[in-house]
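Everything below belongs to structure.txt, which stores compact mmCIF, C-alpha atoms and all ligand atoms.
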```
# COMPACT_ATOMS: atom_id res chain seq x y z
CA MET B 303 56.27 140.77 122.75
CA ARG B 304 55.14 144.29 122.05
CA ARG B 305 54.85 146.68 124.88
CA VAL B 306 51.33 147.55 125.86
CA GLY B 307 52.15 151.24 126.07
CA GLY B 308 54.55 151.32 123.14
CA SER B 309 54.85 153.85 120.33
CA CYS B 310 52.12 156.33 119.50
CA SER B 311 52.32 155.70 115.77
CA ASP B 312 49.04 153.78 115.65
CA ALA B 313 47.31 156.21 117.99
CA LYS B 314 43.75 157.39 117.60
CA THR B 315 42.04 160.02 119.67
CA ALA B 316 40.38 158.58 122.75
CA THR B 317 37.14 160.32 123.50
CA THR B 318 35.24 159.35 126.57
CA LYS B 319 32.56 160.71 128.85
CA ASP B 320 33.10 161.41 132.50
CA THR B 321 30.54 160.65 135.17
CA LYS B 322 28.72 163.92 134.50
CA GLY B 323 28.44 163.07 130.82
CA HIS B 324 31.02 165.69 129.76
CA GLU B 325 33.19 164.72 126.87
CA GLU B 326 36.87 164.56 127.62
CA ASN B 327 39.42 164.58 124.88
CA LEU B 328 42.37 162.79 126.35
CA GLY B 329 44.60 162.97 123.31
CA PRO B 330 46.04 159.90 121.67
CA GLY B 331 44.81 156.58 123.02
CA ARG B 332 45.92 153.18 121.86
CA SER B 333 44.39 150.11 120.32
CA GLN B 334 46.04 146.89 121.28
CA THR B 335 46.07 143.47 119.81
CA LEU B 336 48.43 141.47 121.92
CA ALA B 337 47.88 137.86 121.06
CA ASP B 338 50.62 136.76 123.44
CA SER B 339 49.58 138.92 126.40
CA PRO B 340 47.37 137.95 129.28
CA ALA B 341 43.73 138.49 128.36
CA ILE B 342 43.21 141.13 131.02
CA ILE B 343 45.60 143.38 129.18
CA SER B 344 44.69 142.75 125.56
CA ASP B 345 41.05 143.42 126.49
CA VAL B 346 41.82 147.11 126.93
CA ALA B 347 40.88 148.65 123.60
CA VAL B 348 41.15 152.37 124.23
CA ARG B 349 43.43 153.88 126.81
CA GLY B 350 43.52 156.95 128.92
CA ARG B 351 46.95 157.97 130.06
CA PHE B 352 49.11 156.21 132.60
CA ILE B 353 51.53 158.48 134.49
CA THR B 354 53.81 157.17 137.23
CA PHE B 355 55.82 159.02 139.86
CA GLU B 356 59.13 157.62 140.99
CA GLY B 357 61.93 158.65 143.32
CA LEU B 358 63.61 157.94 146.61
CA ASP B 359 61.72 157.96 149.89
CA GLY B 360 61.28 161.61 150.86
CA SER B 361 61.70 162.91 147.29
CA GLY B 362 58.32 164.66 147.46
CA LYS B 363 56.50 162.31 145.06
CA SER B 364 53.25 162.13 146.96
CA THR B 365 52.97 165.91 147.34
CA GLN B 366 53.69 166.42 143.66
CA LEU B 367 51.26 163.71 142.62
CA GLU B 368 48.46 165.38 144.57
CA LYS B 369 49.32 168.79 143.08
CA LEU B 370 49.26 167.37 139.57
CA ALA B 371 45.94 165.62 140.21
CA ARG B 372 44.43 168.93 141.37
CA SER B 373 45.72 170.80 138.33
CA LEU B 374 44.51 168.17 135.85
CA ARG B 375 41.08 168.05 137.49
CA ALA B 376 40.94 171.84 137.25
CA HIS B 377 41.35 171.33 133.49
CA GLY B 378 38.21 169.14 133.61
CA LEU B 379 40.08 165.86 133.19
CA SER B 380 39.05 162.68 134.94
CA VAL B 381 41.94 161.57 137.15
CA ALA B 382 42.43 158.42 139.21
CA VAL B 383 45.09 158.56 141.94
CA THR B 384 46.61 155.37 143.27
CA ARG B 385 49.81 153.93 144.74
CA GLU B 386 52.09 150.92 145.07
CA PRO B 387 52.56 148.77 146.93
CA GLY B 388 48.83 148.91 147.63
CA GLY B 389 46.01 150.49 145.66
CA THR B 390 43.61 147.57 146.26
CA ALA B 391 42.35 145.89 149.43
CA THR B 392 44.68 142.94 148.80
CA GLY B 393 47.55 145.23 147.88
CA GLU B 394 47.18 147.26 151.07
CA LYS B 395 47.53 144.07 153.12
CA ILE B 396 50.65 143.20 151.18
CA ARG B 397 51.88 146.76 151.74
CA GLU B 398 51.61 146.35 155.47
CA VAL B 399 53.76 143.22 155.41
CA LEU B 400 56.32 144.87 153.15
CA LEU B 401 56.70 148.19 154.93
CA HIS B 402 56.22 147.42 158.60
CA SER B 403 59.52 147.68 160.44
CA ALA B 404 58.62 144.57 162.46
CA THR B 405 58.68 142.47 159.28
CA ALA B 406 61.97 140.69 159.70
CA GLY B 407 63.98 138.23 157.68
CA LEU B 408 62.18 138.82 154.39
CA SER B 409 64.36 137.50 151.57
CA PRO B 410 64.96 139.93 148.68
CA PHE B 411 63.17 137.49 146.37
CA THR B 412 60.14 137.34 148.66
CA GLU B 413 60.14 141.11 148.77
CA MET B 414 60.22 141.32 144.98
CA ALA B 415 57.50 138.67 144.63
CA LEU B 416 55.23 140.55 147.03
CA MET B 417 55.76 143.83 145.15
CA PHE B 418 54.65 142.07 141.98
CA ALA B 419 51.74 140.32 143.69
CA SER B 420 50.43 143.70 144.78
CA ARG B 421 51.07 145.14 141.30
CA ALA B 422 49.36 142.35 139.35
CA GLN B 423 46.20 142.80 141.42
CA HIS B 424 46.43 146.58 141.10
CA ILE B 425 46.69 146.42 137.30
CA HIS B 426 43.77 144.01 137.11
CA GLU B 427 41.48 145.76 139.58
CA VAL B 428 42.30 149.46 139.24
CA ILE B 429 44.72 150.55 136.52
CA LEU B 430 43.35 148.79 133.45
CA PRO B 431 39.69 149.52 134.20
CA ALA B 432 40.49 153.22 134.69
CA LEU B 433 42.52 153.35 131.48
CA ALA B 434 39.74 151.56 129.62
CA GLU B 435 37.41 154.37 130.73
CA GLY B 436 39.85 156.87 129.26
CA ARG B 437 40.90 158.27 132.63
CA ILE B 438 44.30 159.63 133.52
CA VAL B 439 45.86 157.31 136.09
CA LEU B 440 48.44 158.88 138.40
CA CYS B 441 50.31 156.14 140.22
CA ASP B 442 52.72 156.68 143.12
CA ARG B 443 55.44 154.10 142.17
CA PHE B 444 55.29 151.24 139.68
CA THR B 445 57.75 148.66 138.29
CA ASP B 446 60.64 151.16 138.10
CA SER B 447 60.54 151.12 141.91
CA THR B 448 61.09 147.37 141.88
CA GLU B 449 63.94 147.72 139.42
CA ALA B 450 65.52 150.48 141.52
CA TYR B 451 64.92 149.08 145.04
CA GLN B 452 64.99 145.30 144.58
CA GLY B 453 67.05 145.26 141.37
CA GLY B 454 69.52 147.96 142.44
CA GLY B 455 69.19 148.34 146.21
CA ARG B 456 68.89 144.62 146.96
CA LYS B 457 71.20 143.74 144.06
CA LEU B 458 68.79 141.35 142.32
CA GLY B 459 69.53 143.02 138.98
CA SER B 460 67.21 144.38 136.33
CA LYS B 461 66.72 141.23 134.30
CA ALA B 462 64.61 139.34 136.84
CA VAL B 463 62.45 142.41 137.43
CA LEU B 464 61.82 142.99 133.74
CA GLN B 465 61.03 139.32 133.18
CA LEU B 466 58.54 139.26 136.03
CA HIS B 467 57.03 142.47 134.72
CA GLU B 468 56.48 140.81 131.37
CA ILE B 469 54.95 137.66 132.85
CA LEU B 470 52.85 139.17 135.64
CA CYS B 471 52.05 142.63 134.30
CA GLY B 472 51.78 141.94 130.56
CA ASN B 473 54.63 144.47 130.19
CA LEU B 474 52.24 147.36 130.82
CA GLN B 475 54.28 150.55 130.39
CA PRO B 476 53.47 154.02 131.66
CA ASP B 477 52.98 156.70 129.01
CA LEU B 478 55.06 159.01 131.17
CA THR B 479 57.21 158.48 134.25
CA ILE B 480 58.22 161.44 136.37
CA LEU B 481 61.40 160.67 138.29
CA LEU B 482 61.95 163.14 141.12
CA ASP B 483 65.66 163.24 141.67
CA ASN B 484 67.66 164.44 144.64
CA GLU B 485 70.72 163.32 146.58
CA ALA B 486 70.02 160.10 148.46
CA ALA B 487 71.13 161.54 151.82
CA PHE B 488 68.79 164.52 151.50
CA SER B 489 65.71 162.52 150.47
CA VAL B 490 66.12 159.79 153.04
CA ASP B 491 66.80 162.20 155.92
CA ARG B 492 63.59 163.98 154.97
CA ALA B 493 61.65 160.69 154.90
CA ARG B 494 63.02 159.69 158.31
CA ARG B 495 62.14 163.08 159.81
CA ARG B 496 58.64 162.79 158.33
CA ASN B 497 58.11 159.36 159.85
CA ARG B 498 59.35 160.44 163.26
CA LYS B 499 57.04 163.45 163.15
CA HIS B 500 54.07 161.33 162.15
CA LYS B 501 54.38 158.92 164.98
CA GLY B 502 51.35 160.03 166.94
CA GLY B 503 50.41 162.81 164.51
CA ARG B 504 48.46 163.22 161.31
CA SER B 505 49.93 161.87 158.10
CA GLU B 506 51.21 164.27 155.43
CA LYS B 507 49.78 161.83 152.91
CA GLY B 508 46.19 162.48 153.83
CA PRO B 509 43.61 161.10 156.21
CA GLU B 510 43.54 157.67 154.57
CA ARG B 511 47.14 157.25 155.62
CA ALA B 512 46.64 158.76 159.05
CA ALA B 513 46.15 155.42 160.75
CA GLU B 514 49.78 155.93 161.79
CA ARG B 515 50.96 152.75 160.33
CA ASP B 516 54.57 151.88 160.75
CA GLU B 517 56.00 152.14 157.21
CA ASN B 518 59.64 152.47 158.12
CA ARG B 519 61.24 149.22 157.01
CA PHE B 520 62.92 150.64 153.91
CA GLU B 521 63.84 153.90 155.55
CA GLN B 522 66.06 151.97 157.96
CA GLU B 523 68.30 150.93 155.07
CA SER B 524 71.82 152.33 154.71
CA ARG B 525 73.00 155.29 152.68
CA ALA B 526 74.77 152.82 150.38
CA PHE B 527 71.44 151.09 149.69
CA PHE B 528 69.79 154.36 148.69
CA GLY B 529 72.82 155.31 146.63
CA ARG B 530 72.30 152.10 144.62
CA VAL B 531 68.57 152.81 144.30
CA ARG B 532 69.25 156.29 142.90
CA HIS B 533 71.89 154.95 140.55
CA ALA B 534 69.44 152.32 139.24
CA TYR B 535 66.74 154.97 138.73
CA LEU B 536 69.08 157.16 136.71
CA ALA B 537 70.11 154.14 134.63
CA ILE B 538 66.43 153.47 133.77
CA ALA B 539 66.01 157.13 132.76
CA HIS B 540 69.08 156.85 130.57
CA ARG B 541 67.79 153.64 128.97
CA GLU B 542 64.25 154.96 128.36
CA PRO B 543 64.51 158.72 127.81
CA GLN B 544 61.20 158.90 125.92
CA ARG B 545 59.23 157.59 128.86
CA VAL B 546 61.21 158.57 131.96
CA HIS B 547 61.78 162.27 132.64
CA VAL B 548 64.07 163.31 135.44
CA ILE B 549 62.80 166.30 137.39
CA ASN B 550 65.13 168.11 139.77
CA ALA B 551 63.46 167.83 143.18
CA ARG B 552 65.77 170.27 144.98
CA GLY B 553 63.55 173.33 144.46
CA THR B 554 60.46 174.40 146.38
CA PRO B 555 57.29 172.29 145.93
CA SER B 556 55.83 175.06 143.69
CA GLU B 557 58.93 175.18 141.50
CA THR B 558 58.90 171.41 141.09
CA HIS B 559 55.17 171.47 140.34
CA ALA B 560 55.72 174.09 137.61
CA ASP B 561 58.37 171.86 135.98
CA ILE B 562 56.02 168.86 136.14
CA MET B 563 53.11 170.83 134.67
CA GLU B 564 55.24 171.96 131.75
CA LEU B 565 56.24 168.37 131.05
CA VAL B 566 52.72 166.98 131.39
CA ARG B 567 51.22 169.74 129.24
CA LYS B 568 53.64 168.85 126.49
CA LYS B 569 52.92 165.13 126.81
CA LEU B 570 49.15 165.38 127.19
CA LYS B 571 48.81 168.37 124.89
CA ILE B 572 46.60 170.30 127.30
P1 LIG K 601 56.17 154.95 149.43
O1 LIG K 601 54.95 154.86 150.22
O2 LIG K 601 56.09 155.59 148.09
O3 LIG K 601 57.28 155.65 150.32
P2 LIG K 601 57.75 157.15 150.36
O4 LIG K 601 56.54 158.02 150.43
O5 LIG K 601 58.59 157.18 151.60
O6 LIG K 601 58.55 157.40 149.11
O7 LIG K 601 56.82 153.49 149.15
C1 LIG K 601 57.05 152.61 150.15
C2 LIG K 601 58.39 151.93 150.06
O8 LIG K 601 58.32 150.77 149.24
C3 LIG K 601 59.54 152.76 149.55
O9 LIG K 601 60.59 152.67 150.51
C4 LIG K 601 59.98 152.04 148.30
C5 LIG K 601 59.49 150.64 148.48
N1 LIG K 601 59.19 149.94 147.22
C6 LIG K 601 60.06 148.96 146.75
O10 LIG K 601 61.09 148.68 147.38
N2 LIG K 601 59.77 148.29 145.60
C7 LIG K 601 58.64 148.54 144.90
O11 LIG K 601 58.38 147.91 143.84
C8 LIG K 601 57.74 149.55 145.39
C9 LIG K 601 56.47 149.86 144.65
C10 LIG K 601 58.05 150.23 146.55
```

Produce structure tokens that represent the structure in this file.
Ligand code: TYD
Amino acid sequence: MRRVGGSCSDAKTATTKDTKGHEENLGPGRSQTLADSPAIISDVAVRGRFITFEGLDGSGKSTQLEKLARSLRAHGLSVAVTREPGGTATGEKIREVLLHSATAGLSPFTEMALMFASRAQHIHEVILPALAEGRIVLCDRFTDSTEAYQGGGRKLGSKAVLQLHEILCGNLQPDLTILLDNEAAFSVDRARRRNRKHKGGRSEKGPERAAERDENRFEQESRAFFGRVRHAYLAIAHREPQRVHVINARGTPSETHADIMELVRKKLKI
């Protein structure tokens, strides 16, 4: 089966109009004829660009994603921002089950299945429609998270994750994945501090996340768990260097943003 977001060799320029009727040239789009893919995916004739952010909890993904969205919009591009698990009404319910620290006794397979349930709905309801409109979709986590956390962290391995991705997600691949890398101990300590601080305060992730939900279940995992997650992420980057770009997340937010902008400019040719 061909990958939905495979090589650019058959690319044509995707031109679309935003809501104000302005023309946006989003660079190379893709035509797809995937006879063996689920219909929802082969229906997408012209694509925008699909960019995912990955990294450990506390790696600064969400901050960087928002900064990139602002910069791209300042260039007049139409940008959709979304996240996983979640991104749809159904997905947000699944997110609550997955991340709440009171959720106990979830088997690793159940956890993986729920991640994919949220993702399949998200692709169907949000990602593909936005790409079909030629928008740039910035997504906070995607299937690489499942490969890193459930495949690596929970030791389910990559094979099951990739197979489920093919069956449930039509093998939809991001055009670009930005992997924010830092030592596991540093990132996770930062995430734990953030969650402690937000108990009873406003969320760093914006008002929509300020309901002060408990999203600590993963952050209670051991250092060894996060070490495996990071190792799995770096293995994905090594396997798919064209798609996955490792960005050093040890600098200041502005330094990291500058590195991301350079990468995205090159990829999107803006
Ligand atoms: P997120 O809200 O991105 O957390 P943070 O801002 O702390 O990085 O993600 C929530 C958690 O869900 C995070 O601990 C990683 C986990 N996760 C998986 O284990 N598998 C997945 O497929 C996804 C999408 C997330």

**Asked** If you count all atoms listed in the file, which residues end up within 6 Å of ligand LIG 601 (chain K), as a ChimeraX atom specification?
**Response** /B:358-360,386-387,417,443-445,447-448,451-452,493,520

**Message:** So the first atom is CA of Ile572 in chain B and the second is CA of Val383 in chain B; what is the distance between them in Å, to one decimal place?
**Reply:** 18.8 Å

Mind running range 332-423 of chain B against range 550-564 of chain B at 12 Å and telling me each contacting residue's nearest atom pair with the distance in Å (one decimal), counting only C-alpha atoms, chain and number ascending, as CSV?
```
residue,atom,partner,partner_atom,distance
B:Ile353,CA,B:Ile562,CA,11.4
B:Thr354,CA,B:Ile562,CA,11.9
B:Phe355,CA,B:Ile562,CA,10.5
B:Glu356,CA,B:Ala551,CA,11.3
B:Gly357,CA,B:Ala551,CA,9.3
B:Leu358,CA,B:Ala551,CA,10.5
B:Gly360,CA,B:Ala551,CA,10.1
B:Ser361,CA,B:Ala551,CA,6.6
B:Gly362,CA,B:Ala551,CA,7.4
B:Lys363,CA,B:Ala551,CA,9.1
B:Ser364,CA,B:Pro555,CA,11.0
B:Thr365,CA,B:Pro555,CA,7.8
B:Gln366,CA,B:His559,CA,6.2
B:Leu367,CA,B:His559,CA,9.0
B:Glu368,CA,B:His559,CA,10.0
B:Lys369,CA,B:His559,CA,7.0
B:Leu370,CA,B:Met563,CA,7.1
B:Ala371,CA,B:Met563,CA,10.5
B:Arg372,CA,B:His559,CA,11.1
B:Ser373,CA,B:Met563,CA,8.2
B:Leu374,CA,B:Met563,CA,9.1
B:His377,CA,B:Met563,CA,11.8
```

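Candidate residues B:Arg515, B:Arg567, B:Arg525, B:His467 were compared for distance to Glu398 in chain B, and the nearest is B:Arg515, using all atoms listed in the file.
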
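Closest to Arg385 in chain B among B:Leu474, B:Ala415, B:Val463, B:Ile429 is B:Ile429, based on all atoms listed in the file.
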
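For Met414 in chain B, the list of residues within 10 Å, based on all atoms listed in the file and with local chain neighbours fewer than 3 positions off taken out, reads Leu400, Leu408, Ser409, Pro410, Phe411, Met417, Phe418, Ala419, Thr448, Glu449, Tyr451, Gln452, Gly453, Arg456, Leu458, Ala462, Val463 and Leu466 of chain B.
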
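Nearest to Lys395 in chain B of all the residues B:Leu565, B:Ala450, B:Leu570, B:Leu416 is B:Leu416, counting all atoms listed in the file.
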
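We find CA of Leu482 in chain B and CA of Val428 in chain B to be spaced 24.0 Å apart.
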